[in-house]
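Input: a single structure, listed below in structure tokens.
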Amino acid sequence: METRKVKNAHHDTTQCYSRLNAIGDALYVLGGKWKLRIIMALSEGNLRFNELQRLVKGISPRVLSNELKELEINGFVKRHIHTEGTVLVEYELTEYSDTLGDVLYALSEWGMMHRENIRKQMRSEEVALAGE
């Protein structure tokens, strides 16, 4: 994975504001604890509400409902209502959600690297304390 240094990047003021606004927009649409987890769960295929709630551990029904509505408004999720027999509601990702592929990959890679970095720091601190 390509690593870009944040502090050495040089941008003019207009480009900096533009980047800050773009990041703000992305965080507004995708930010929070649940949205990207819901998208990842749906990447395995269409799911019903209760299936989603089981996969996304810790999310309440109310929060899941609100997050799905926001994801639908922003074009990432489609809701299908099947009325043959028992009413069945399924959720699926839209083609637009495919645009998040690189973002999700980069976040998961960074998350694994960060977790390992924290583990190394904790181990070295334990070693230092044991040596005292």
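In the structure tokens, chains take letters A, B, ... by order of appearance, with residues numbered from 1 within each chain and ligands from 1 in the order shown.
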
Write out as a PyMOL selection string all residues of segment 2-129 of chain A that DSSP puts in alpha helix (DSSP H) for this structure's backbone. chain A and resi 13-30+35-42+49-55+61-73+101-129

Tell me which protein, DNA and RNA residues are within 9 Å of segment 32-38 of chain A, counting only C-alpha atoms, leaving out same-chain ones fewer than 5 positions away, and put them as a PyMOL selection string. chain A and resi 27+43+52-53+55-56+59+63-64+67-68+70-71+104

Go through segment 16-81 of chain A and collect every residue that DSSP, computed from the backbone, puts in strand (DSSP E or B); the answer should be as a compact mmCIF listing (two decimals) with all heavy atoms, in the first residue's frame.
```txt
# COMPACT_ATOMS: atom_id res chain seq x y z
N LEU A 47 -29.55 -8.24 2.51
CA LEU A 47 -29.86 -8.69 3.86
C LEU A 47 -31.16 -8.07 4.34
O LEU A 47 -31.49 -6.93 3.98
CB LEU A 47 -28.74 -8.30 4.82
CG LEU A 47 -27.38 -8.97 4.63
CD1 LEU A 47 -26.33 -8.29 5.49
CD2 LEU A 47 -27.46 -10.45 4.95
N ARG A 48 -31.86 -8.80 5.17
CA ARG A 48 -33.03 -8.25 5.86
C ARG A 48 -32.55 -7.49 7.09
O ARG A 48 -31.41 -7.63 7.53
CB ARG A 48 -33.99 -9.38 6.25
CG ARG A 48 -34.56 -10.09 5.04
CD ARG A 48 -35.66 -11.06 5.41
NE ARG A 48 -35.29 -11.92 6.51
CZ ARG A 48 -35.11 -13.24 6.42
NH1 ARG A 48 -35.26 -13.84 5.26
NH2 ARG A 48 -34.80 -13.95 7.48
N VAL A 77 -27.50 2.71 -0.46
CA VAL A 77 -28.32 1.54 -0.15
C VAL A 77 -29.68 1.68 -0.82
O VAL A 77 -30.23 2.78 -0.91
CB VAL A 77 -28.49 1.39 1.39
CG1 VAL A 77 -29.51 0.34 1.75
CG2 VAL A 77 -27.16 1.09 2.05
N LYS A 78 -30.19 0.54 -1.28
CA LYS A 78 -31.54 0.46 -1.84
C LYS A 78 -32.36 -0.47 -0.97
O LYS A 78 -31.87 -1.51 -0.51
CB LYS A 78 -31.49 -0.15 -3.25
CG LYS A 78 -31.95 0.76 -4.35
CD LYS A 78 -32.13 -0.01 -5.63
CE LYS A 78 -30.80 -0.08 -6.36
NZ LYS A 78 -30.94 -0.64 -7.71
N ARG A 79 -33.62 -0.10 -0.75
CA ARG A 79 -34.53 -0.93 0.03
C ARG A 79 -35.52 -1.58 -0.92
O ARG A 79 -36.11 -0.91 -1.76
CB ARG A 79 -35.25 -0.07 1.05
CG ARG A 79 -36.16 -0.81 1.96
CD ARG A 79 -36.65 0.06 3.09
NE ARG A 79 -37.00 1.39 2.63
CZ ARG A 79 -38.09 2.04 2.99
NH1 ARG A 79 -38.94 1.50 3.81
NH2 ARG A 79 -38.32 3.25 2.53
N HIS A 80 -35.68 -2.89 -0.80
CA HIS A 80 -36.65 -3.62 -1.62
C HIS A 80 -37.73 -4.19 -0.72
O HIS A 80 -37.42 -4.86 0.28
CB HIS A 80 -35.97 -4.78 -2.36
CG HIS A 80 -34.98 -4.33 -3.36
ND1 HIS A 80 -35.33 -3.80 -4.57
CD2 HIS A 80 -33.62 -4.33 -3.32
CE1 HIS A 80 -34.24 -3.49 -5.25
NE2 HIS A 80 -33.18 -3.80 -4.50
N ILE A 81 -38.97 -3.93 -1.06
CA ILE A 81 -40.10 -4.47 -0.30
C ILE A 81 -40.76 -5.53 -1.16
O ILE A 81 -41.24 -5.25 -2.25
CB ILE A 81 -41.10 -3.35 0.08
CG1 ILE A 81 -40.39 -2.28 0.90
CG2 ILE A 81 -42.28 -3.94 0.84
CD1 ILE A 81 -41.21 -1.04 1.14
```

Rounded to one decimal place, report the atom CA of Gly45 of chain A-atom CA of Phe76 of chain A distance in Å. 13.5 Å

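Nearest to Ala26 of chain A of all the residues A:Leu100, A:Met112, A:Lys57, A:Ala128 is A:Leu100, counting only C-alpha atoms.
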